[in-house]
file final-v5.cif (mmCIF, C-alpha atoms)
data_target
#
loop_
_atom_site.group_PDB
_atom_site.id
_atom_site.type_symbol
_atom_site.label_atom_id
_atom_site.label_comp_id
_atom_site.auth_asym_id
_atom_site.auth_seq_id
_atom_site.Cartn_x
_atom_site.Cartn_y
_atom_site.Cartn_z
ATOM 1 C CA MET W 253 -51.139 49.832 -30.448
ATOM 2 C CA ASP W 254 -51.657 47.312 -27.676
ATOM 3 C CA ASN W 255 -49.456 44.333 -27.100
ATOM 4 C CA GLN W 256 -52.099 41.838 -28.243
ATOM 5 C CA THR W 257 -51.541 40.530 -31.751
ATOM 6 C CA SER W 258 -53.716 38.229 -33.775
ATOM 7 C CA VAL W 259 -52.091 34.835 -34.246
ATOM 8 C CA MET W 260 -51.711 33.865 -37.928
ATOM 9 C CA GLU W 261 -50.431 30.345 -37.291
ATOM 10 C CA PHE W 262 -50.489 27.743 -34.547
ATOM 11 C CA VAL W 263 -48.180 24.994 -33.356
ATOM 12 C CA LEU W 264 -49.801 21.603 -32.836
ATOM 13 C CA LEU W 265 -47.914 20.103 -29.914
ATOM 14 C CA GLY W 266 -49.413 16.656 -30.520
ATOM 15 C CA MET W 267 -46.892 13.906 -29.832
ATOM 16 C CA GLY W 268 -43.905 16.253 -30.143
ATOM 17 C CA ASN W 269 -42.817 15.421 -26.589
ATOM 18 C CA TYR W 270 -41.427 12.124 -27.900
ATOM 19 C CA PRO W 271 -38.961 12.987 -30.719
ATOM 20 C CA SER W 272 -37.398 9.524 -30.658
ATOM 21 C CA LEU W 273 -40.771 7.941 -31.438
ATOM 22 C CA GLN W 274 -41.669 10.075 -34.459
ATOM 23 C CA THR W 275 -40.686 7.401 -37.007
ATOM 24 C CA LEU W 276 -42.560 4.690 -35.117
ATOM 25 C CA LEU W 277 -45.618 6.939 -34.750
ATOM 26 C CA PHE W 278 -45.486 7.750 -38.465
ATOM 27 C CA LEU W 279 -45.429 4.056 -39.454
ATOM 28 C CA LEU W 280 -48.177 3.185 -36.967
ATOM 29 C CA SER W 281 -50.402 6.069 -38.125
ATOM 30 C CA LEU W 282 -49.764 5.199 -41.785
ATOM 31 C CA LEU W 283 -50.757 1.580 -41.152
ATOM 32 C CA ILE W 284 -53.909 2.654 -39.298
ATOM 33 C CA TYR W 285 -54.851 5.051 -42.089
ATOM 34 C CA PHE W 286 -54.281 2.439 -44.797
ATOM 35 C CA VAL W 287 -56.299 -0.269 -43.016
ATOM 36 C CA MET W 288 -59.083 2.216 -42.229
ATOM 37 C CA LEU W 289 -59.285 3.376 -45.855
ATOM 38 C CA VAL W 290 -59.297 -0.164 -47.249
ATOM 39 C CA GLY W 291 -61.874 -1.402 -44.719
ATOM 40 C CA ASN W 292 -64.347 1.444 -45.182
ATOM 41 C CA ILE W 293 -63.972 1.608 -48.974
ATOM 42 C CA LEU W 294 -64.519 -2.162 -49.253
ATOM 43 C CA ILE W 295 -67.753 -1.844 -47.269
ATOM 44 C CA VAL W 296 -68.973 0.921 -49.607
ATOM 45 C CA VAL W 297 -68.027 -1.118 -52.707
ATOM 46 C CA LEU W 298 -69.713 -4.236 -51.308
ATOM 47 C CA VAL W 299 -72.931 -2.369 -50.453
ATOM 48 C CA VAL W 300 -73.061 -0.852 -53.947
ATOM 49 C CA ALA W 301 -72.154 -4.054 -55.812
ATOM 50 C CA ASP W 302 -74.284 -6.625 -53.963
ATOM 51 C CA GLN W 303 -77.984 -6.421 -54.812
ATOM 52 C CA CYS W 304 -78.860 -8.251 -51.590
ATOM 53 C CA LEU W 305 -77.434 -5.333 -49.585
ATOM 54 C CA HIS W 306 -79.604 -2.683 -51.262
ATOM 55 C CA THR W 307 -81.626 -2.094 -48.108
ATOM 56 C CA SER W 308 -81.956 0.849 -45.748
ATOM 57 C CA MET W 309 -79.715 -0.762 -43.128
ATOM 58 C CA TYR W 310 -76.790 -1.140 -45.537
ATOM 59 C CA PHE W 311 -77.479 2.196 -47.203
ATOM 60 C CA PHE W 312 -76.896 3.822 -43.811
ATOM 61 C CA LEU W 313 -73.822 1.644 -43.251
ATOM 62 C CA GLY W 314 -72.348 2.673 -46.614
ATOM 63 C CA ASN W 315 -72.845 6.312 -45.691
ATOM 64 C CA LEU W 316 -71.232 5.741 -42.292
ATOM 65 C CA SER W 317 -68.180 4.171 -43.928
ATOM 66 C CA SER W 318 -67.921 7.055 -46.407
ATOM 67 C CA LEU W 319 -68.297 9.520 -43.560
ATOM 68 C CA GLU W 320 -65.567 7.953 -41.459
ATOM 69 C CA THR W 321 -63.193 7.873 -44.423
ATOM 70 C CA CYS W 322 -63.648 11.643 -44.756
ATOM 71 C CA TYR W 323 -63.600 12.038 -40.969
ATOM 72 C CA SER W 324 -60.147 10.545 -40.531
ATOM 73 C CA SER W 325 -58.803 12.106 -43.734
ATOM 74 C CA THR W 326 -59.158 15.570 -42.209
ATOM 75 C CA ILE W 327 -56.709 14.607 -39.439
ATOM 76 C CA LEU W 328 -54.361 11.801 -40.473
ATOM 77 C CA PRO W 329 -52.688 13.192 -43.654
ATOM 78 C CA PRO W 330 -51.533 16.430 -41.898
ATOM 79 C CA LEU W 331 -50.475 14.359 -38.885
ATOM 80 C CA LEU W 332 -48.449 12.020 -41.097
ATOM 81 C CA ALA W 333 -46.792 15.009 -42.781
ATOM 82 C CA SER W 334 -45.831 16.474 -39.405
ATOM 83 C CA PHE W 335 -44.265 13.160 -38.308
ATOM 84 C CA LEU W 336 -42.311 13.009 -41.548
ATOM 85 C CA THR W 337 -41.092 16.620 -41.739
ATOM 86 C CA GLY W 338 -41.086 17.611 -38.063
ATOM 87 C CA ASP W 339 -43.023 20.781 -38.966
ATOM 88 C CA ARG W 340 -45.995 21.015 -36.600
ATOM 89 C CA THR W 341 -47.126 24.533 -37.536
ATOM 90 C CA ILE W 342 -50.488 25.142 -39.160
ATOM 91 C CA SER W 343 -51.863 28.416 -40.481
ATOM 92 C CA ALA W 344 -54.941 29.945 -38.898
ATOM 93 C CA HIS W 345 -56.956 29.450 -42.090
ATOM 94 C CA SER W 346 -55.896 25.807 -42.386
ATOM 95 C CA CYS W 347 -56.719 25.293 -38.717
ATOM 96 C CA MET W 348 -60.218 26.720 -39.189
ATOM 97 C CA ALA W 349 -60.707 24.581 -42.309
ATOM 98 C CA GLN W 350 -59.638 21.426 -40.461
ATOM 99 C CA LEU W 351 -61.905 22.243 -37.537
ATOM 100 C CA TYR W 352 -64.801 22.967 -39.912
ATOM 101 C CA PHE W 353 -64.580 19.646 -41.745
ATOM 102 C CA PHE W 354 -63.851 17.672 -38.581
ATOM 103 C CA GLY W 355 -66.845 19.292 -36.856
ATOM 104 C CA SER W 356 -69.049 18.728 -39.919
ATOM 105 C CA PHE W 357 -68.251 15.021 -40.159
ATOM 106 C CA ALA W 358 -68.511 14.493 -36.389
ATOM 107 C CA THR W 359 -71.915 16.220 -36.247
ATOM 108 C CA THR W 360 -73.093 14.219 -39.262
ATOM 109 C CA GLU W 361 -72.055 11.027 -37.494
ATOM 110 C CA PHE W 362 -74.151 11.867 -34.420
ATOM 111 C CA GLU W 363 -77.222 12.323 -36.583
ATOM 112 C CA LEU W 364 -76.477 9.337 -38.819
ATOM 113 C CA LEU W 365 -76.046 7.011 -35.826
ATOM 114 C CA ALA W 366 -79.422 8.224 -34.533
ATOM 115 C CA ALA W 367 -80.989 7.507 -37.943
ATOM 116 C CA MET W 368 -79.455 4.022 -37.945
ATOM 117 C CA SER W 369 -80.818 3.303 -34.474
ATOM 118 C CA TYR W 370 -84.295 4.420 -35.595
ATOM 119 C CA ASP W 371 -83.990 2.082 -38.592
ATOM 120 C CA ARG W 372 -83.177 -0.839 -36.260
ATOM 121 C CA TYR W 373 -86.040 0.177 -33.965
ATOM 122 C CA LEU W 374 -88.540 -0.038 -36.838
ATOM 123 C CA ALA W 375 -87.078 -3.343 -38.069
ATOM 124 C CA ILE W 376 -87.347 -5.046 -34.672
ATOM 125 C CA CYS W 377 -90.256 -3.290 -32.938
ATOM 126 C CA GLN W 378 -92.447 -2.612 -36.002
ATOM 127 C CA PRO W 379 -91.506 -5.410 -38.436
ATOM 128 C CA LEU W 380 -94.864 -5.454 -40.273
ATOM 129 C CA LEU W 381 -94.735 -1.708 -40.911
ATOM 130 C CA TYR W 382 -90.997 -1.507 -41.582
ATOM 131 C CA ALA W 383 -91.196 -1.701 -45.376
ATOM 132 C CA SER W 384 -93.846 1.021 -45.584
ATOM 133 C CA LEU W 385 -92.231 3.326 -42.999
ATOM 134 C CA MET W 386 -88.557 3.007 -43.962
ATOM 135 C CA THR W 387 -88.765 3.501 -47.722
ATOM 136 C CA TRP W 388 -85.852 4.491 -49.953
ATOM 137 C CA LYS W 389 -87.186 8.046 -49.981
ATOM 138 C CA VAL W 390 -87.218 8.204 -46.164
ATOM 139 C CA SER W 391 -83.731 6.669 -45.933
ATOM 140 C CA PHE W 392 -82.358 9.151 -48.447
ATOM 141 C CA GLN W 393 -84.019 12.108 -46.700
ATOM 142 C CA MET W 394 -82.667 11.102 -43.274
ATOM 143 C CA THR W 395 -79.162 10.646 -44.681
ATOM 144 C CA ALA W 396 -79.250 13.925 -46.608
ATOM 145 C CA GLU W 397 -80.500 15.794 -43.531
ATOM 146 C CA SER W 398 -77.647 14.306 -41.484
ATOM 147 C CA TRP W 399 -74.988 15.471 -43.960
ATOM 148 C CA LEU W 400 -76.568 18.880 -44.551
ATOM 149 C CA GLY W 401 -77.166 19.465 -40.837
ATOM 150 C CA GLY W 402 -73.559 18.600 -40.013
ATOM 151 C CA PHE W 403 -72.116 21.088 -42.491
ATOM 152 C CA LEU W 404 -74.528 23.886 -41.529
ATOM 153 C CA VAL W 405 -73.998 23.507 -37.779
ATOM 154 C CA SER W 406 -70.230 23.460 -38.167
ATOM 155 C CA ALA W 407 -70.372 26.567 -40.387
ATOM 156 C CA VAL W 408 -72.271 28.495 -37.683
ATOM 157 C CA LEU W 409 -69.788 27.443 -35.011
ATOM 158 C CA ILE W 410 -66.768 28.357 -37.140
ATOM 159 C CA PHE W 411 -68.313 31.746 -37.947
ATOM 160 C CA PHE W 412 -68.510 32.676 -34.264
ATOM 161 C CA LEU W 413 -65.190 31.068 -33.351
ATOM 162 C CA SER W 414 -63.306 32.873 -36.130
ATOM 163 C CA HIS W 415 -64.349 36.245 -34.671
ATOM 164 C CA LEU W 416 -62.547 35.581 -31.388
ATOM 165 C CA LYS W 417 -59.260 37.388 -30.853
ATOM 166 C CA VAL W 418 -56.476 34.902 -30.183
ATOM 167 C CA CYS W 419 -53.447 36.273 -28.397
ATOM 168 C CA GLY W 420 -50.362 35.180 -26.540
ATOM 169 C CA PRO W 421 -49.159 31.566 -26.828
ATOM 170 C CA LYS W 422 -49.988 29.978 -30.143
ATOM 171 C CA ALA W 423 -49.532 26.357 -29.052
ATOM 172 C CA ILE W 424 -52.460 23.942 -29.338
ATOM 173 C CA ASP W 425 -51.951 20.999 -27.022
ATOM 174 C CA ASN W 426 -53.416 18.433 -29.408
ATOM 175 C CA PHE W 427 -52.523 16.737 -32.675
ATOM 176 C CA PHE W 428 -55.288 18.505 -34.630
ATOM 177 C CA CYS W 429 -57.298 21.722 -34.400
ATOM 178 C CA ASP W 430 -60.094 21.003 -31.960
ATOM 179 C CA PHE W 431 -62.635 23.409 -30.507
ATOM 180 C CA THR W 432 -61.685 23.335 -26.831
ATOM 181 C CA PRO W 433 -57.911 23.968 -27.223
ATOM 182 C CA LEU W 434 -58.667 26.824 -29.640
ATOM 183 C CA TRP W 435 -61.257 28.369 -27.361
ATOM 184 C CA GLU W 436 -58.745 28.307 -24.485
ATOM 185 C CA LEU W 437 -56.404 30.578 -26.501
ATOM 186 C CA ALA W 438 -59.027 33.316 -26.927
ATOM 187 C CA CYS W 439 -58.413 36.615 -25.090
ATOM 188 C CA SER W 440 -61.641 38.344 -26.138
ATOM 189 C CA ASP W 441 -65.136 37.857 -24.737
ATOM 190 C CA ALA W 442 -66.225 34.304 -25.589
ATOM 191 C CA SER W 443 -69.622 34.317 -23.864
ATOM 192 C CA MET W 444 -71.543 34.381 -27.166
ATOM 193 C CA VAL W 445 -69.463 31.509 -28.542
ATOM 194 C CA GLN W 446 -70.138 29.515 -25.371
ATOM 195 C CA LEU W 447 -73.890 30.143 -25.635
ATOM 196 C CA VAL W 448 -74.027 29.188 -29.320
ATOM 197 C CA THR W 449 -71.888 26.088 -28.682
ATOM 198 C CA LEU W 450 -74.144 24.978 -25.820
ATOM 199 C CA LEU W 451 -77.235 25.351 -27.985
ATOM 200 C CA LEU W 452 -75.702 23.555 -30.960
ATOM 201 C CA CYS W 453 -74.381 20.735 -28.753
ATOM 202 C CA PHE W 454 -77.881 20.138 -27.408
ATOM 203 C CA LEU W 455 -79.354 20.007 -30.916
ATOM 204 C CA THR W 456 -76.631 17.921 -32.564
ATOM 205 C CA VAL W 457 -75.191 15.797 -29.741
ATOM 206 C CA VAL W 458 -77.625 15.502 -26.827
ATOM 207 C CA PHE W 459 -80.816 15.170 -28.879
ATOM 208 C CA PRO W 460 -79.427 12.458 -31.231
ATOM 209 C CA PHE W 461 -77.941 10.666 -28.203
ATOM 210 C CA LEU W 462 -81.305 10.657 -26.396
ATOM 211 C CA SER W 463 -83.009 9.504 -29.595
ATOM 212 C CA THR W 464 -80.501 6.659 -29.963
ATOM 213 C CA LEU W 465 -80.881 5.734 -26.293
ATOM 214 C CA ALA W 466 -84.698 5.676 -26.539
ATOM 215 C CA SER W 467 -84.525 3.490 -29.674
ATOM 216 C CA TYR W 468 -82.306 0.933 -27.964
ATOM 217 C CA ILE W 469 -84.396 0.853 -24.802
ATOM 218 C CA CYS W 470 -87.388 -0.067 -26.981
ATOM 219 C CA ILE W 471 -85.285 -2.574 -28.958
ATOM 220 C CA ILE W 472 -83.974 -4.335 -25.847
ATOM 221 C CA ALA W 473 -87.474 -4.462 -24.349
ATOM 222 C CA ALA W 474 -88.847 -5.962 -27.586
ATOM 223 C CA VAL W 475 -86.024 -8.526 -27.853
ATOM 224 C CA LEU W 476 -86.539 -9.677 -24.271
ATOM 225 C CA ARG W 477 -90.221 -10.358 -25.050
ATOM 226 C CA ILE W 478 -89.309 -12.837 -27.810
ATOM 227 C CA PRO W 479 -90.043 -16.311 -26.367
ATOM 228 C CA SER W 480 -87.320 -18.343 -28.116
ATOM 229 C CA SER W 481 -83.607 -17.879 -27.467
ATOM 230 C CA VAL W 482 -82.868 -18.339 -31.191
ATOM 231 C CA GLY W 483 -85.286 -15.544 -32.040
ATOM 232 C CA ARG W 484 -83.753 -13.252 -29.419
ATOM 233 C CA GLN W 485 -80.249 -13.966 -30.711
ATOM 234 C CA LYS W 486 -81.260 -13.340 -34.325
ATOM 235 C CA ALA W 487 -83.012 -10.066 -33.491
ATOM 236 C CA PHE W 488 -80.190 -8.760 -31.331
ATOM 237 C CA SER W 489 -77.504 -9.735 -33.876
ATOM 238 C CA THR W 490 -78.944 -7.234 -36.373
ATOM 239 C CA CYS W 491 -78.349 -4.296 -34.034
ATOM 240 C CA SER W 492 -75.436 -5.394 -31.822
ATOM 241 C CA PRO W 493 -72.724 -4.053 -34.218
ATOM 242 C CA HIS W 494 -74.398 -0.654 -34.317
ATOM 243 C CA LEU W 495 -74.862 -0.664 -30.532
ATOM 244 C CA THR W 496 -71.144 -1.443 -30.098
ATOM 245 C CA VAL W 497 -70.143 1.402 -32.424
ATOM 246 C CA VAL W 498 -72.473 3.856 -30.653
ATOM 247 C CA THR W 499 -71.136 2.844 -27.228
ATOM 248 C CA VAL W 500 -67.474 3.209 -28.239
ATOM 249 C CA PHE W 501 -68.031 6.510 -30.054
ATOM 250 C CA TYR W 502 -70.111 8.246 -27.395
ATOM 251 C CA SER W 503 -68.189 6.935 -24.369
ATOM 252 C CA THR W 504 -64.791 8.150 -25.638
ATOM 253 C CA LEU W 505 -66.278 11.445 -26.819
ATOM 254 C CA ILE W 506 -67.940 12.143 -23.462
ATOM 255 C CA ILE W 507 -64.747 11.323 -21.561
ATOM 256 C CA VAL W 508 -62.626 13.576 -23.815
ATOM 257 C CA TYR W 509 -64.850 16.628 -23.478
ATOM 258 C CA MET W 510 -65.906 16.109 -19.863
ATOM 259 C CA LEU W 511 -62.415 15.549 -18.450
ATOM 260 C CA PRO W 512 -61.076 18.581 -16.554
ATOM 261 C CA ARG W 513 -58.514 20.510 -18.610
ATOM 262 C CA ILE W 514 -55.725 20.202 -16.075
ATOM 263 C CA PRO W 515 -52.026 19.500 -16.820
ATOM 264 C CA GLN W 516 -52.102 16.075 -15.170
ATOM 265 C CA LEU W 517 -54.759 14.840 -17.613
ATOM 266 C CA ARG W 518 -53.465 16.468 -20.817
ATOM 267 C CA GLN W 519 -51.734 13.318 -22.091
ATOM 268 C CA LEU W 520 -54.754 11.130 -21.297
ATOM 269 C CA ASN W 521 -56.958 13.608 -23.131
ATOM 270 C CA LYS W 522 -54.761 13.394 -26.239
ATOM 271 C CA VAL W 523 -54.749 9.589 -26.134
ATOM 272 C CA LEU W 524 -58.546 9.482 -25.919
ATOM 273 C CA SER W 525 -58.838 12.082 -28.691
ATOM 274 C CA PHE W 526 -56.633 9.855 -30.844
ATOM 275 C CA PHE W 527 -58.916 6.919 -30.032
ATOM 276 C CA TYR W 528 -62.242 8.485 -30.997
ATOM 277 C CA ALA W 529 -60.905 10.482 -33.960
ATOM 278 C CA ILE W 530 -58.724 7.785 -35.551
ATOM 279 C CA LEU W 531 -59.116 4.346 -33.979
ATOM 280 C CA THR W 532 -62.940 4.346 -33.956
ATOM 281 C CA PRO W 533 -63.134 4.649 -37.778
ATOM 282 C CA LEU W 534 -60.609 1.799 -37.900
ATOM 283 C CA VAL W 535 -62.530 -0.649 -35.709
ATOM 284 C CA ASN W 536 -65.979 0.096 -37.163
ATOM 285 C CA PRO W 537 -65.378 -1.869 -40.402
ATOM 286 C CA LEU W 538 -64.062 -4.785 -38.319
ATOM 287 C CA ILE W 539 -67.149 -4.704 -36.075
ATOM 288 C CA TYR W 540 -69.603 -4.582 -38.984
ATOM 289 C CA SER W 541 -67.679 -7.138 -41.028
ATOM 290 C CA LEU W 542 -67.716 -9.618 -38.180
#

call {"tool": "encode", "arguments": {"input": "final-v5.cif", "output": "structure tokens"}}
result
Amino acid sequence: MDNQTSVMEFVLLGMGNYPSLQTLLFLLSLLIYFVMLVGNILIVVLVVADQCLHTSMYFFLGNLSSLETCYSSTILPPLLASFLTGDRTISAHSCMAQLYFFGSFATTEFELLAAMSYDRYLAICQPLLYASLMTWKVSFQMTAESWLGGFLVSAVLIFFLSHLKVCGPKAIDNFFCDFTPLWELACSDASMVQLVTLLLCFLTVVFPFLSTLASYICIIAAVLRIPSSVGRQKAFSTCSPHLTVVTVFYSTLIIVYMLPRIPQLRQLNKVLSFFYAILTPLVNPLIYSL
């Protein structure tokens, strides 16, 4: 037998470097989770209850709020439990499950944000054709494809990742099971996982990002051609909340995964991960409500 053993559980280092702040972090995280749940659920209830909001734009928004409720619920309840009990261990199966659902919801959000930007593009750049192009059937199909695509892509990634042999230190320097910290613990050949990840990232992150970018370039160009300032303000107000959400989500995500994985930047990386995984779902209801 060799001295490499498969790891059956991990330790999430998270914010464990600050034991005196655990109670404060627990109360802060609990408050964030409560406000996020209330805000997103109220948006869903409002969209369902108000007949005036039964349009494609608010159908997408209701799905985004539902998605972000699930998104944060994969991370915050275990994090709250660890603050309360001090137990930061997580089994390998639980870690894979958390990564699967987190990856599924994150991938779905990329595709859903792209669908929402296309909806705004049609509304502003093709207003006369909007009703015939963005029907309820089209809206439902785009939303269903976003959810289904997210779960399928994450399943493929988890399948390849779960076949890696993890040896040595079992500490994950994050507050949840994320892909990069897990991949760094692998001691077997990860070239296939890297290739699959690169391909999936292009399909589910880069392509939706380019689609969203192209939609907003066309939107901004169309808005600038409107002669009256009132008309420009009205047109831009319909897409400015979505543009804000897209900017916050993508900018923090790019910084987190593009930052070099060096010791000096570990804490910054965790702070930014906390921002895009937890604070973004919190501020989105505030942005859309305003």

call {"tool": "axis_aligned_box", "arguments": {"input": "final-v5.cif", "around": "range 390-409 of chain W", "padding_each_side": "8 Å", "output": "JSON"}}
result
{"center_x": -78.5, "center_y": 17.6, "center_z": -41.7, "size_x": 33.4, "size_y": 37.8, "size_z": 29.4}

call {"tool": "atom_distance", "arguments": {"input": "final-v5.cif", "atom1": "CA of Phe354 in chain W", "atom2": "CA of Thr504 in chain W"}}
result
16.1 Å

call {"tool": "resolve_selection", "arguments": {"input": "final-v5.cif", "expression": "the PyMOL selection byres ((chain W and resi 382) around 12)", "output": "list in words"}}
result
Thr307, Ser308, Met309, Tyr370, Asp371, Arg372, Tyr373, Leu374, Ala375, Ile376, Cys377, Gln378, Pro379, Leu380, Leu381, Ala383, Ser384, Leu385, Met386, Thr387, Trp388, Val390 and Ser391 of chain W

call {"tool": "write_last_selection", "arguments": {"input": "final-v5.cif", "atoms": "C-alpha atoms", "output": "mmCIF file, in the frame of the given file"}}
result
data_model
loop_
_atom_site.group_PDB
_atom_site.id
_atom_site.type_symbol
_atom_site.label_atom_id
_atom_site.label_comp_id
_atom_site.auth_asym_id
_atom_site.auth_seq_id
_atom_site.Cartn_x
_atom_site.Cartn_y
_atom_site.Cartn_z
ATOM 1 C CA THR W 307 -81.626 -2.094 -48.108
ATOM 2 C CA SER W 308 -81.956 0.849 -45.748
ATOM 3 C CA MET W 309 -79.715 -0.762 -43.128
ATOM 4 C CA TYR W 370 -84.295 4.420 -35.595
ATOM 5 C CA ASP W 371 -83.990 2.082 -38.592
ATOM 6 C CA ARG W 372 -83.177 -0.839 -36.260
ATOM 7 C CA TYR W 373 -86.040 0.177 -33.965
ATOM 8 C CA LEU W 374 -88.540 -0.038 -36.838
ATOM 9 C CA ALA W 375 -87.078 -3.343 -38.069
ATOM 10 C CA ILE W 376 -87.347 -5.046 -34.672
ATOM 11 C CA CYS W 377 -90.256 -3.290 -32.938
ATOM 12 C CA GLN W 378 -92.447 -2.612 -36.002
ATOM 13 C CA PRO W 379 -91.506 -5.410 -38.436
ATOM 14 C CA LEU W 380 -94.864 -5.454 -40.273
ATOM 15 C CA LEU W 381 -94.735 -1.708 -40.911
ATOM 16 C CA ALA W 383 -91.196 -1.701 -45.376
ATOM 17 C CA SER W 384 -93.846 1.021 -45.584
ATOM 18 C CA LEU W 385 -92.231 3.326 -42.999
ATOM 19 C CA MET W 386 -88.557 3.007 -43.962
ATOM 20 C CA THR W 387 -88.765 3.501 -47.722
ATOM 21 C CA TRP W 388 -85.852 4.491 -49.953
ATOM 22 C CA VAL W 390 -87.218 8.204 -46.164
ATOM 23 C CA SER W 391 -83.731 6.669 -45.933
#

call {"tool": "resolve_selection", "arguments": {"input": "final-v5.cif", "expression": "the PyMOL selection byres ((chain W and resi 533) around 9)", "output": "PyMOL selection string"}}
result
chain W and resi 288+292+317+320-321+323-324+528-532+534-537

call {"tool": "resolve_selection", "arguments": {"input": "final-v5.cif", "expression": "the PyMOL selection byres ((chain W and resi 348) around 10)", "output": "number ranges by chain"}}
result
W: 342-347, 349-354, 410-411, 413-414, 429-431, 434

call {"tool": "atom_distance", "arguments": {"input": "final-v5.cif", "atom1": "CA of Glu397 in chain W", "atom2": "CA of Ala358 in chain W"}}
result
14.0 Å

call {"tool": "decode", "arguments": {"input": "final-v5.cif", "residues": "range 472-500 of chain W", "atoms": "C-alpha atoms", "output": "compact mmCIF listing (two decimals), in the first residue's frame"}}
result
# COMPACT_ATOMS: atom_id res chain seq x y z
CA ILE W 472 -26.99 51.57 -25.40
CA ALA W 473 -26.65 52.42 -29.10
CA ALA W 474 -30.45 52.40 -29.50
CA VAL W 475 -31.01 54.52 -26.37
CA LEU W 476 -28.49 57.13 -27.51
CA ARG W 477 -30.42 57.50 -30.80
CA ILE W 478 -33.61 58.50 -28.96
CA PRO W 479 -33.98 62.28 -29.53
CA SER W 480 -35.64 63.28 -26.23
CA SER W 481 -33.91 63.05 -22.86
CA VAL W 482 -37.16 61.82 -21.25
CA GLY W 483 -37.37 59.00 -23.77
CA ARG W 484 -33.74 58.04 -23.19
CA GLN W 485 -34.25 58.03 -19.42
CA LYS W 486 -37.40 55.92 -19.67
CA ALA W 487 -35.78 53.38 -21.99
CA PHE W 488 -32.62 53.08 -19.92
CA SER W 489 -34.54 52.78 -16.63
CA THR W 490 -36.05 49.48 -17.80
CA CYS W 491 -32.64 47.84 -18.14
CA SER W 492 -30.41 49.71 -15.68
CA PRO W 493 -31.24 47.40 -12.71
CA HIS W 494 -30.35 44.34 -14.76
CA LEU W 495 -27.18 46.00 -16.05
CA THR W 496 -26.15 46.80 -12.46
CA VAL W 497 -26.74 43.20 -11.36
CA VAL W 498 -24.79 41.82 -14.33
CA THR W 499 -21.87 44.19 -13.67
CA VAL W 500 -21.65 43.33 -9.96
